[in-house]
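Remarks on the structure that follows.
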Amino acid sequence: PFAFVDQAPRNGINYFYAVTAFDVNSISSTGAGNTSLESARITKRVQPRTSAGNYANDATVQTGVFGRNGLLTDQTLPTLDPATGKFSKAFPPSDAVSLSLAAFVKEVLTEPGEVSLSVDSISVVDFAGASTHDAIYHYTISAQAGIIHLDVPVHLSSTSGTASAAGAFDAITADPALTQKYGAPAGNFGIGGSFSVRYGGGYYYGVKSRGCVNGVSGFTSFPLCDANGPRWFMGTDNSTMMDNPNAANTAAFRTGTARTDFNNVGGPLDGVTTIFRPMAYNDYSSSFRDVEAVLSPFMSAADYRVYWGEGGHVDSVIDVTHDVPVPFRADKLDATWGILNQSATQNGATYYDQRSELTVTDLGCFDPIKALNPAGIRCTGNSPSLSETAVPGPIAYGSASSTSIDRSAPTAAGQGFVFYLKGQPFMFELAGGVPAAGTVWTMRDYIGVISGGIQAAGDGGPMSFSTQNMPRSFSAIGASVKFAFDLTNAVGASTSETLAKVHTVPDPYYVTSSFEATTTSKIIKFVNLPEVATIRIYTASGVLVRVLKHASTAFGGETDWDVRNRNNQFVASGVYFYHVTAENGETTVGRMTIINYAQ
């Protein structure tokens with residue numbers, strides 16, 4: 001669809017136009033090679049007009065990411081405290097997705113509505129070494145024209161590159177009766193929609209330690225750039241979190257020094273002695289970066305709130321940033337959550353760690369890691385199931401530049417479990433039992449890079465944060481990006497207020513007006529009329545000069561007077577009155593001045 005807007009006061013003037021399409025890559029049937037085919041030029045006519053005074057056509061549009069409670073309006077990025085390494089607030093919702101209509105033609109719509117795109121799931125289907133991997137994003141588009149399920153393949157960068165995807169679809173069917181009022185042929189008239197999504201590179205998502213090792217843009221204090229990673233805190237206020245929450249990260253891969261402090265992702269959490277997230281290069285060999293890259297598409301910049309119930313059961317996990325629950329999934333790692341208990345795993349050589357204690361490498365038995373089989377944590381055994389309930393059991397974790405350390409790492413003093421949350425695996429060691437009912441944990445994740453800070457590897461100076469222009473990924477299952485609108489499109493009864501808007505153009509009339517196309521024509525326009533009205537024009541002494549009937553077929557509110565009386569003579573100069581009667585009997589009276597010349 002095309003929407004034309006006449007910016008000059010020339011309502012009532014006829015415009016003639018033709019829309020032409022070109023196929024610049026068509027193949028000539030004569031064998032002459034590429035040629036250019038042009039569609040037939042079919043001339044159309046359109047006449048801009050003002051709307052009837054009693055015609056209401058208003059719309060309120062909301063666009064953006066929606067959660068359970070409507071449009072998410074926060075667009076403010078947090079700041080990073082250079083001394084403590086704490087973000088000032090949660091990150092705003094995803095900026096990686098947009099959805100729009102080709103044209104929002106409210107004149108041919110009768111009901112409020114919306115068009116939305118949401119994420120159903122994400123499948124990582126291929127891994128090409130250290131640079132790229134392939135994912136399929138499963139989207140649902142909901143529109144008046146129907147429900148569309150899309151599987152969008154994306155070639156993702158495991159390093160610093162970005163990717164994008166876009167598409168178009170049928171969104172809204174206009175009201176046929178309304179489109180015909182504006183000259184469209186009989187039949188359905190569609191308004192198309194389109195979407196676009198951006199995807200960032202792994203260096204700034206789940207493979208930040210590799211970005212640090214390679215000294216890429218943003219990791220400005222290399223080699224002291226290990227203060228990166230998600231962070232946990234009690235309740236809903238990150239003031240409870242320790243300062244420099246990722247300070248325990250050490251440059252083990254570069255120095256050969258094993259980690260001594262495994263509490264590297266914030267806290268403290270009540271009843272938890274250690275929260276450990278292993279990292280490629282820092283704890284495991286470079287091969288573990290493949291695992292991190294495979295899980296990166298599930299990540300997002302968001303606050304995730306974990307609500308504990310009775311007996312170690314997690315009642316819900318909420319993505320607070322996108323205002324949706326994070327779904328639980330038992331059989332696969334996705335943009336979801338789940339708990340891996342030691343009791344669910346198998347012993348023996350089929351698991352990478354080849355031991356009975358639970359280690360983070362046991363996640364290698366879940367797709368997509370298992371299916372893609374990266375060298376870091378290969379598993380040939382049967383896949384266990386993730387649970388919604390934590391059952392503490394024997395655990396082990398180590399750090400010595402290779403994932404094989406998990407085969408010989410000492411058993412931890414406390415029992416624990418692995419909590420998987422949207423691309424991030426965490427080993428929790430407990431001081432005693434499971435968290436009490438009513439306990440709330442929050443995990444804050446981000447897209448971008450933190451540099452500086454006092455770390456196990458040394459003092460990197462004041463901390464700073466950079467997004468590196470990476471999109472905050474749209475991976476929140478259940479959230480939607482929408483084009484939503486409320487709409488009024490109706491002709492109401494005329495009132496004294498609507499009729500008060502009726503007036504003549506031009507006023508005063510001096511000999512001629514800009515509406516006149518020839519020297520022998522004269523035009524004065526009555527505007528803001530009701531859709532149906534009768535206009536009576538009188539001289540100042542009360543003599544009836546002319547009666548005009550106005551009846552628009554397309555909600556028009558203007559009619560022309562040729563400045564002639566009932567005898568087809570041009571009227572003399574002077575002051576004239578007009579009396580407008582609406583279809584419902586409501587009336588108004590106005591005055592106009594005409595300065596004319598003799599016929």
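Here's how to read the names in the structure tokens: chain A, B, ... by the order shown, residue numbers from 1 in each chain, ligand numbers from 1 in the order shown.
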
Which polymer residues have any atom within 7 Å of an atom of Gly461 (chain A), counting only C-alpha atoms, with same-chain residues fewer than 5 positions away left out, as a ChimeraX atom specification?
/A:452-454

Excluding same-chain residues fewer than 4 positions from Ala18 (chain A), what lies within 10 Å of it counting only C-alpha atoms, as a compact mmCIF listing (two decimals) with N, CA, C and O atoms, in the first residue's frame?
```
# COMPACT_ATOMS: atom_id res chain seq x y z
N ALA A 40 3.23 -2.42 -17.15
CA ALA A 40 2.39 -1.44 -17.82
C ALA A 40 2.09 -0.26 -16.89
O ALA A 40 1.89 -0.43 -15.69
N ARG A 41 2.09 0.91 -17.48
CA ARG A 41 1.79 2.12 -16.70
C ARG A 41 0.28 2.35 -16.72
O ARG A 41 -0.28 2.73 -17.75
N ILE A 42 -0.34 2.12 -15.59
CA ILE A 42 -1.78 2.32 -15.47
C ILE A 42 -2.00 3.55 -14.60
O ILE A 42 -1.65 3.56 -13.42
N THR A 43 -2.54 4.58 -15.21
CA THR A 43 -2.70 5.86 -14.50
C THR A 43 -3.87 5.78 -13.53
O THR A 43 -4.95 5.28 -13.85
N LYS A 44 -3.64 6.29 -12.33
CA LYS A 44 -4.66 6.37 -11.29
C LYS A 44 -4.91 7.84 -10.96
O LYS A 44 -4.06 8.70 -11.19
N ARG A 45 -6.08 8.09 -10.40
CA ARG A 45 -6.40 9.45 -9.97
C ARG A 45 -6.72 9.44 -8.48
O ARG A 45 -7.38 8.51 -7.98
```

Pick out the residues sitting within 8 Å of Val511 (chain A), and hand them over as a count of residues only; count only C-alpha atoms, and ignore anything fewer than 5 positions along from it in its own chain.
4

Between A:Arg305, A:Arg231, A:Lys482, A:Lys525, smallest distance to Ser142 (chain A) by only C-alpha atoms belongs to A:Lys482

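Closest approach to Ala56 (chain A) among A:Lys86, A:Arg536, A:Lys106, A:His322 is made by A:Lys106 (distances from only C-alpha atoms).
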
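For Arg407 (chain A), the list of residues within 12 Å, based on only C-alpha atoms and with local chain neighbours fewer than 4 positions off taken out, reads Asn347, Gly348, Ala349, Tyr351, Tyr352, Asp353, Gln354, Arg355, Ser356, Glu357, Leu358, Thr359, Val360, Thr361, Asp362, Ile377, Ile395, Ala396, Tyr397, Gly398, Ser399, Ala400, Ser402, Thr403 and Thr411 of chain A.
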
Written file, previous selection with N, CA and C atoms, as a PDB file, in the first residue's frame:
```pdb
ATOM      1  N   ASN A 347      27.145 -43.240  36.080  1.00  0.00           N
ATOM      2  CA  ASN A 347      28.568 -43.429  36.331  1.00  0.00           C
ATOM      3  C   ASN A 347      29.204 -44.136  35.139  1.00  0.00           C
ATOM      4  N   GLY A 348      30.486 -44.066  35.061  1.00  0.00           N
ATOM      5  CA  GLY A 348      31.174 -44.853  34.042  1.00  0.00           C
ATOM      6  C   GLY A 348      31.803 -44.009  32.964  1.00  0.00           C
ATOM      7  N   ALA A 349      32.357 -44.706  31.983  1.00  0.00           N
ATOM      8  CA  ALA A 349      33.185 -44.063  30.970  1.00  0.00           C
ATOM      9  C   ALA A 349      32.386 -43.292  29.936  1.00  0.00           C
ATOM     10  N   TYR A 351      30.367 -40.820  30.422  1.00  0.00           N
ATOM     11  CA  TYR A 351      30.380 -39.402  30.752  1.00  0.00           C
ATOM     12  C   TYR A 351      31.818 -38.897  30.695  1.00  0.00           C
ATOM     13  N   TYR A 352      31.962 -37.624  30.337  1.00  0.00           N
ATOM     14  CA  TYR A 352      33.308 -37.107  30.149  1.00  0.00           C
ATOM     15  C   TYR A 352      34.122 -37.173  31.427  1.00  0.00           C
ATOM     16  N   ASP A 353      33.484 -36.893  32.580  1.00  0.00           N
ATOM     17  CA  ASP A 353      34.267 -36.850  33.815  1.00  0.00           C
ATOM     18  C   ASP A 353      34.601 -38.240  34.359  1.00  0.00           C
ATOM     19  N   GLN A 354      33.920 -39.286  33.873  1.00  0.00           N
ATOM     20  CA  GLN A 354      34.221 -40.680  34.241  1.00  0.00           C
ATOM     21  C   GLN A 354      34.239 -40.882  35.763  1.00  0.00           C
ATOM     22  N   ARG A 355      33.297 -40.264  36.452  1.00  0.00           N
ATOM     23  CA  ARG A 355      33.229 -40.399  37.900  1.00  0.00           C
ATOM     24  C   ARG A 355      31.771 -40.273  38.342  1.00  0.00           C
ATOM     25  N   SER A 356      31.509 -40.636  39.585  1.00  0.00           N
ATOM     26  CA  SER A 356      30.143 -40.615  40.090  1.00  0.00           C
ATOM     27  C   SER A 356      29.726 -39.246  40.589  1.00  0.00           C
ATOM     28  N   GLU A 357      30.681 -38.439  41.060  1.00  0.00           N
ATOM     29  CA  GLU A 357      30.335 -37.108  41.540  1.00  0.00           C
ATOM     30  C   GLU A 357      29.866 -36.228  40.368  1.00  0.00           C
ATOM     31  N   LEU A 358      29.004 -35.285  40.685  1.00  0.00           N
ATOM     32  CA  LEU A 358      28.474 -34.368  39.676  1.00  0.00           C
ATOM     33  C   LEU A 358      29.514 -33.297  39.358  1.00  0.00           C
ATOM     34  N   THR A 359      29.763 -33.082  38.067  1.00  0.00           N
ATOM     35  CA  THR A 359      30.609 -31.970  37.619  1.00  0.00           C
ATOM     36  C   THR A 359      29.867 -31.211  36.518  1.00  0.00           C
ATOM     37  N   VAL A 360      30.368 -30.011  36.225  1.00  0.00           N
ATOM     38  CA  VAL A 360      29.729 -29.210  35.179  1.00  0.00           C
ATOM     39  C   VAL A 360      29.821 -29.900  33.829  1.00  0.00           C
ATOM     40  N   THR A 361      30.861 -30.711  33.608  1.00  0.00           N
ATOM     41  CA  THR A 361      31.006 -31.376  32.316  1.00  0.00           C
ATOM     42  C   THR A 361      29.898 -32.397  32.055  1.00  0.00           C
ATOM     43  N   ASP A 362      29.125 -32.759  33.078  1.00  0.00           N
ATOM     44  CA  ASP A 362      28.003 -33.670  32.858  1.00  0.00           C
ATOM     45  C   ASP A 362      26.932 -33.049  31.968  1.00  0.00           C
ATOM     46  N   ILE A 377      33.735 -31.460  26.326  1.00  0.00           N
ATOM     47  CA  ILE A 377      33.043 -32.296  27.315  1.00  0.00           C
ATOM     48  C   ILE A 377      32.217 -33.383  26.606  1.00  0.00           C
ATOM     49  N   ILE A 395      29.580 -33.442  44.694  1.00  0.00           N
ATOM     50  CA  ILE A 395      30.002 -32.638  43.547  1.00  0.00           C
ATOM     51  C   ILE A 395      31.515 -32.482  43.564  1.00  0.00           C
ATOM     52  N   ALA A 396      32.042 -32.062  42.408  1.00  0.00           N
ATOM     53  CA  ALA A 396      33.475 -31.774  42.298  1.00  0.00           C
ATOM     54  C   ALA A 396      33.671 -30.712  41.242  1.00  0.00           C
ATOM     55  N   TYR A 397      34.685 -29.891  41.429  1.00  0.00           N
ATOM     56  CA  TYR A 397      35.035 -28.894  40.414  1.00  0.00           C
ATOM     57  C   TYR A 397      36.502 -28.548  40.580  1.00  0.00           C
ATOM     58  N   GLY A 398      37.132 -28.257  39.451  1.00  0.00           N
ATOM     59  CA  GLY A 398      38.562 -27.958  39.477  1.00  0.00           C
ATOM     60  C   GLY A 398      38.915 -26.927  38.434  1.00  0.00           C
ATOM     61  N   SER A 399      40.218 -26.570  38.407  1.00  0.00           N
ATOM     62  CA  SER A 399      40.702 -25.557  37.473  1.00  0.00           C
ATOM     63  C   SER A 399      42.165 -25.835  37.208  1.00  0.00           C
ATOM     64  N   ALA A 400      42.461 -26.329  35.994  1.00  0.00           N
ATOM     65  CA  ALA A 400      43.860 -26.616  35.671  1.00  0.00           C
ATOM     66  C   ALA A 400      44.091 -26.637  34.173  1.00  0.00           C
ATOM     67  N   SER A 402      42.389 -27.574  31.704  1.00  0.00           N
ATOM     68  CA  SER A 402      41.810 -28.644  30.888  1.00  0.00           C
ATOM     69  C   SER A 402      40.545 -29.139  31.563  1.00  0.00           C
ATOM     70  N   THR A 403      39.528 -29.441  30.754  1.00  0.00           N
ATOM     71  CA  THR A 403      38.297 -29.999  31.318  1.00  0.00           C
ATOM     72  C   THR A 403      38.554 -31.360  31.971  1.00  0.00           C
ATOM     73  N   THR A 411      36.619 -34.146  45.652  1.00  0.00           N
ATOM     74  CA  THR A 411      35.204 -34.008  45.964  1.00  0.00           C
ATOM     75  C   THR A 411      35.017 -32.831  46.917  1.00  0.00           C
TER      76      THR A 411
END
```

Phe298 (chain A) proximity check over A:Ser473, A:Ser343, A:Ser209, A:Asn282, using only C-alpha atoms: winner is A:Ser473

Go through region 50-272 of chain A and collect every residue that DSSP, computed from the backbone, puts in alpha helix (DSSP H); the answer should be as JSON, numbers by chain.
{"A": [176, 177, 178, 179, 180, 181, 208, 209, 210, 211, 212, 213, 214, 252, 253, 254, 255]}

Writing out the chosen residues with N, CA, C and O atoms as a PDB file, in the first residue's frame:
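And here's again_30.pdb as it stands now:
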```
ATOM      1  N   PRO A 176     -13.066  -4.389   3.354  1.00  0.00           N
ATOM      2  CA  PRO A 176     -13.339  -4.162   1.918  1.00  0.00           C
ATOM      3  C   PRO A 176     -14.279  -2.996   1.658  1.00  0.00           C
ATOM      4  O   PRO A 176     -14.101  -2.260   0.680  1.00  0.00           O
ATOM      5  N   ALA A 177     -15.278  -2.808   2.517  1.00  0.00           N
ATOM      6  CA  ALA A 177     -16.205  -1.697   2.302  1.00  0.00           C
ATOM      7  C   ALA A 177     -15.495  -0.359   2.424  1.00  0.00           C
ATOM      8  O   ALA A 177     -15.803   0.589   1.685  1.00  0.00           O
ATOM      9  N   LEU A 178     -14.533  -0.268   3.325  1.00  0.00           N
ATOM     10  CA  LEU A 178     -13.807   0.983   3.496  1.00  0.00           C
ATOM     11  C   LEU A 178     -12.835   1.226   2.349  1.00  0.00           C
ATOM     12  O   LEU A 178     -12.696   2.357   1.875  1.00  0.00           O
ATOM     13  N   THR A 179     -12.131   0.188   1.921  1.00  0.00           N
ATOM     14  CA  THR A 179     -11.177   0.391   0.828  1.00  0.00           C
ATOM     15  C   THR A 179     -11.877   0.836  -0.447  1.00  0.00           C
ATOM     16  O   THR A 179     -11.343   1.650  -1.204  1.00  0.00           O
ATOM     17  N   GLN A 180     -13.084   0.332  -0.691  1.00  0.00           N
ATOM     18  CA  GLN A 180     -13.811   0.744  -1.890  1.00  0.00           C
ATOM     19  C   GLN A 180     -14.246   2.200  -1.819  1.00  0.00           C
ATOM     20  O   GLN A 180     -14.368   2.869  -2.839  1.00  0.00           O
ATOM     21  N   LYS A 181     -14.460   2.712  -0.607  1.00  0.00           N
ATOM     22  CA  LYS A 181     -14.784   4.131  -0.459  1.00  0.00           C
ATOM     23  C   LYS A 181     -13.656   5.015  -0.975  1.00  0.00           C
ATOM     24  O   LYS A 181     -13.872   6.151  -1.405  1.00  0.00           O
ATOM     25  N   LYS A 208      33.436 -14.511  26.676  1.00  0.00           N
ATOM     26  CA  LYS A 208      34.188 -13.297  26.996  1.00  0.00           C
ATOM     27  C   LYS A 208      35.652 -13.582  27.326  1.00  0.00           C
ATOM     28  O   LYS A 208      36.532 -12.770  27.049  1.00  0.00           O
ATOM     29  N   SER A 209      35.917 -14.740  27.930  1.00  0.00           N
ATOM     30  CA  SER A 209      37.311 -15.040  28.267  1.00  0.00           C
ATOM     31  C   SER A 209      38.167 -15.177  27.007  1.00  0.00           C
ATOM     32  O   SER A 209      39.352 -14.834  27.011  1.00  0.00           O
ATOM     33  N   ARG A 210      37.579 -15.659  25.910  1.00  0.00           N
ATOM     34  CA  ARG A 210      38.333 -15.739  24.663  1.00  0.00           C
ATOM     35  C   ARG A 210      38.598 -14.345  24.105  1.00  0.00           C
ATOM     36  O   ARG A 210      39.687 -14.077  23.579  1.00  0.00           O
ATOM     37  N   GLY A 211      37.598 -13.456  24.246  1.00  0.00           N
ATOM     38  CA  GLY A 211      37.829 -12.080  23.821  1.00  0.00           C
ATOM     39  C   GLY A 211      38.958 -11.436  24.596  1.00  0.00           C
ATOM     40  O   GLY A 211      39.745 -10.660  24.052  1.00  0.00           O
ATOM     41  N   CYS A 212      39.054 -11.780  25.883  1.00  0.00           N
ATOM     42  CA  CYS A 212      40.127 -11.242  26.714  1.00  0.00           C
ATOM     43  C   CYS A 212      41.481 -11.771  26.247  1.00  0.00           C
ATOM     44  O   CYS A 212      42.442 -11.010  26.093  1.00  0.00           O
ATOM     45  N   VAL A 213      41.557 -13.088  26.016  1.00  0.00           N
ATOM     46  CA  VAL A 213      42.810 -13.707  25.586  1.00  0.00           C
ATOM     47  C   VAL A 213      43.308 -13.088  24.282  1.00  0.00           C
ATOM     48  O   VAL A 213      44.503 -12.815  24.107  1.00  0.00           O
ATOM     49  N   ASN A 214      42.353 -12.819  23.366  1.00  0.00           N
ATOM     50  CA  ASN A 214      42.741 -12.292  22.067  1.00  0.00           C
ATOM     51  C   ASN A 214      42.888 -10.775  22.058  1.00  0.00           C
ATOM     52  O   ASN A 214      43.262 -10.196  21.033  1.00  0.00           O
ATOM     53  N   ALA A 252      44.442 -18.573  34.441  1.00  0.00           N
ATOM     54  CA  ALA A 252      45.093 -19.874  34.590  1.00  0.00           C
ATOM     55  C   ALA A 252      45.678 -20.375  33.288  1.00  0.00           C
ATOM     56  O   ALA A 252      46.755 -20.968  33.254  1.00  0.00           O
ATOM     57  N   PHE A 253      44.982 -20.171  32.173  1.00  0.00           N
ATOM     58  CA  PHE A 253      45.453 -20.699  30.896  1.00  0.00           C
ATOM     59  C   PHE A 253      46.768 -20.052  30.485  1.00  0.00           C
ATOM     60  O   PHE A 253      47.615 -20.673  29.868  1.00  0.00           O
ATOM     61  N   ARG A 254      46.931 -18.777  30.867  1.00  0.00           N
ATOM     62  CA  ARG A 254      48.133 -18.066  30.443  1.00  0.00           C
ATOM     63  C   ARG A 254      49.289 -18.241  31.423  1.00  0.00           C
ATOM     64  O   ARG A 254      50.432 -18.120  31.053  1.00  0.00           O
ATOM     65  N   THR A 255      48.975 -18.507  32.693  1.00  0.00           N
ATOM     66  CA  THR A 255      50.050 -18.568  33.680  1.00  0.00           C
ATOM     67  C   THR A 255      50.332 -19.974  34.189  1.00  0.00           C
ATOM     68  O   THR A 255      51.362 -20.218  34.789  1.00  0.00           O
TER      69      THR A 255
END
```

Region 235-383 of chain A: residues DSSP assigns to strand (DSSP E), reported as a list in words
Val272, Thr273, Thr274, Ile275, Phe276, Ala302, Asp303, Tyr304, Arg305, Val306, Tyr307, Trp308, Val314, Asp315, Ser316, Val317, Ile318, Asp319, Val324, Pro325, Trp337, Gly338, Ile339 and Leu340 of chain A

Could you take the residues named above and write them with N, CA and C atoms, as an mmCIF file, in the first residue's frame?
```cif
data_model
loop_
_atom_site.group_PDB
_atom_site.id
_atom_site.type_symbol
_atom_site.label_atom_id
_atom_site.label_comp_id
_atom_site.auth_asym_id
_atom_site.auth_seq_id
_atom_site.Cartn_x
_atom_site.Cartn_y
_atom_site.Cartn_z
ATOM 1 N N VAL A 272 24.866 -20.819 50.797
ATOM 2 C CA VAL A 272 25.695 -21.250 49.671
ATOM 3 C C VAL A 272 27.137 -20.869 49.971
ATOM 4 N N THR A 273 28.042 -21.842 49.888
ATOM 5 C CA THR A 273 29.451 -21.552 50.129
ATOM 6 C C THR A 273 30.178 -21.150 48.858
ATOM 7 N N THR A 274 29.756 -21.696 47.704
ATOM 8 C CA THR A 274 30.457 -21.424 46.450
ATOM 9 C C THR A 274 29.462 -21.406 45.294
ATOM 10 N N ILE A 275 29.622 -20.397 44.416
ATOM 11 C CA ILE A 275 28.940 -20.372 43.115
ATOM 12 C C ILE A 275 30.044 -20.301 42.065
ATOM 13 N N PHE A 276 30.126 -21.331 41.245
ATOM 14 C CA PHE A 276 31.251 -21.434 40.310
ATOM 15 C C PHE A 276 30.718 -21.578 38.894
ATOM 16 N N ALA A 302 19.764 -9.489 30.985
ATOM 17 C CA ALA A 302 18.521 -9.509 31.764
ATOM 18 C C ALA A 302 18.812 -9.848 33.217
ATOM 19 N N ASP A 303 17.838 -9.554 34.069
ATOM 20 C CA ASP A 303 17.811 -10.040 35.446
ATOM 21 C C ASP A 303 16.867 -11.237 35.508
ATOM 22 N N TYR A 304 17.359 -12.328 36.116
ATOM 23 C CA TYR A 304 16.552 -13.541 36.272
ATOM 24 C C TYR A 304 16.351 -13.792 37.762
ATOM 25 N N ARG A 305 15.117 -13.933 38.165
ATOM 26 C CA ARG A 305 14.809 -14.085 39.576
ATOM 27 C C ARG A 305 14.324 -15.506 39.846
ATOM 28 N N VAL A 306 14.979 -16.195 40.769
ATOM 29 C CA VAL A 306 14.671 -17.575 41.121
ATOM 30 C C VAL A 306 13.903 -17.588 42.435
ATOM 31 N N TYR A 307 12.686 -18.141 42.401
ATOM 32 C CA TYR A 307 11.831 -18.192 43.581
ATOM 33 C C TYR A 307 11.786 -19.634 44.096
ATOM 34 N N TRP A 308 12.294 -19.827 45.305
ATOM 35 C CA TRP A 308 12.363 -21.158 45.908
ATOM 36 C C TRP A 308 11.095 -21.455 46.709
ATOM 37 N N VAL A 314 11.913 -25.305 42.912
ATOM 38 C CA VAL A 314 11.897 -23.947 42.385
ATOM 39 C C VAL A 314 10.503 -23.684 41.816
ATOM 40 N N ASP A 315 9.790 -22.758 42.448
ATOM 41 C CA ASP A 315 8.432 -22.464 41.997
ATOM 42 C C ASP A 315 8.417 -21.812 40.623
ATOM 43 N N SER A 316 9.346 -20.898 40.380
ATOM 44 C CA SER A 316 9.397 -20.219 39.087
ATOM 45 C C SER A 316 10.722 -19.498 38.931
ATOM 46 N N VAL A 317 11.076 -19.267 37.676
ATOM 47 C CA VAL A 317 12.210 -18.412 37.321
ATOM 48 C C VAL A 317 11.657 -17.345 36.394
ATOM 49 N N ILE A 318 11.824 -16.092 36.769
ATOM 50 C CA ILE A 318 11.232 -14.986 36.031
ATOM 51 C C ILE A 318 12.326 -14.140 35.389
ATOM 52 N N ASP A 319 12.176 -13.893 34.092
ATOM 53 C CA ASP A 319 13.001 -12.907 33.410
ATOM 54 C C ASP A 319 12.371 -11.552 33.710
ATOM 55 N N VAL A 324 8.624 -12.007 31.699
ATOM 56 C CA VAL A 324 8.055 -13.301 31.319
ATOM 57 C C VAL A 324 8.701 -14.389 32.171
ATOM 58 N N PRO A 325 8.002 -15.494 32.416
ATOM 59 C CA PRO A 325 8.644 -16.633 33.063
ATOM 60 C C PRO A 325 9.646 -17.281 32.108
ATOM 61 N N TRP A 337 15.559 -23.080 31.729
ATOM 62 C CA TRP A 337 16.314 -23.364 32.939
ATOM 63 C C TRP A 337 16.062 -24.804 33.361
ATOM 64 N N GLY A 338 16.938 -25.308 34.233
ATOM 65 C CA GLY A 338 16.780 -26.636 34.803
ATOM 66 C C GLY A 338 17.908 -26.937 35.767
ATOM 67 N N ILE A 339 17.651 -27.855 36.684
ATOM 68 C CA ILE A 339 18.637 -28.262 37.687
ATOM 69 C C ILE A 339 19.114 -29.668 37.368
ATOM 70 N N LEU A 340 20.441 -29.843 37.327
ATOM 71 C CA LEU A 340 21.027 -31.172 37.156
ATOM 72 C C LEU A 340 21.495 -31.662 38.516
#
```

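Taking CA of Phe366 (chain A) as the reference point, CA of Phe91 (chain A) is found at 29.4 Å.
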
Residue nearest Val440 (chain A) among A:Ser464, A:Thr236, A:Thr63, A:Ser39 (counting only C-alpha atoms):
A:Thr236
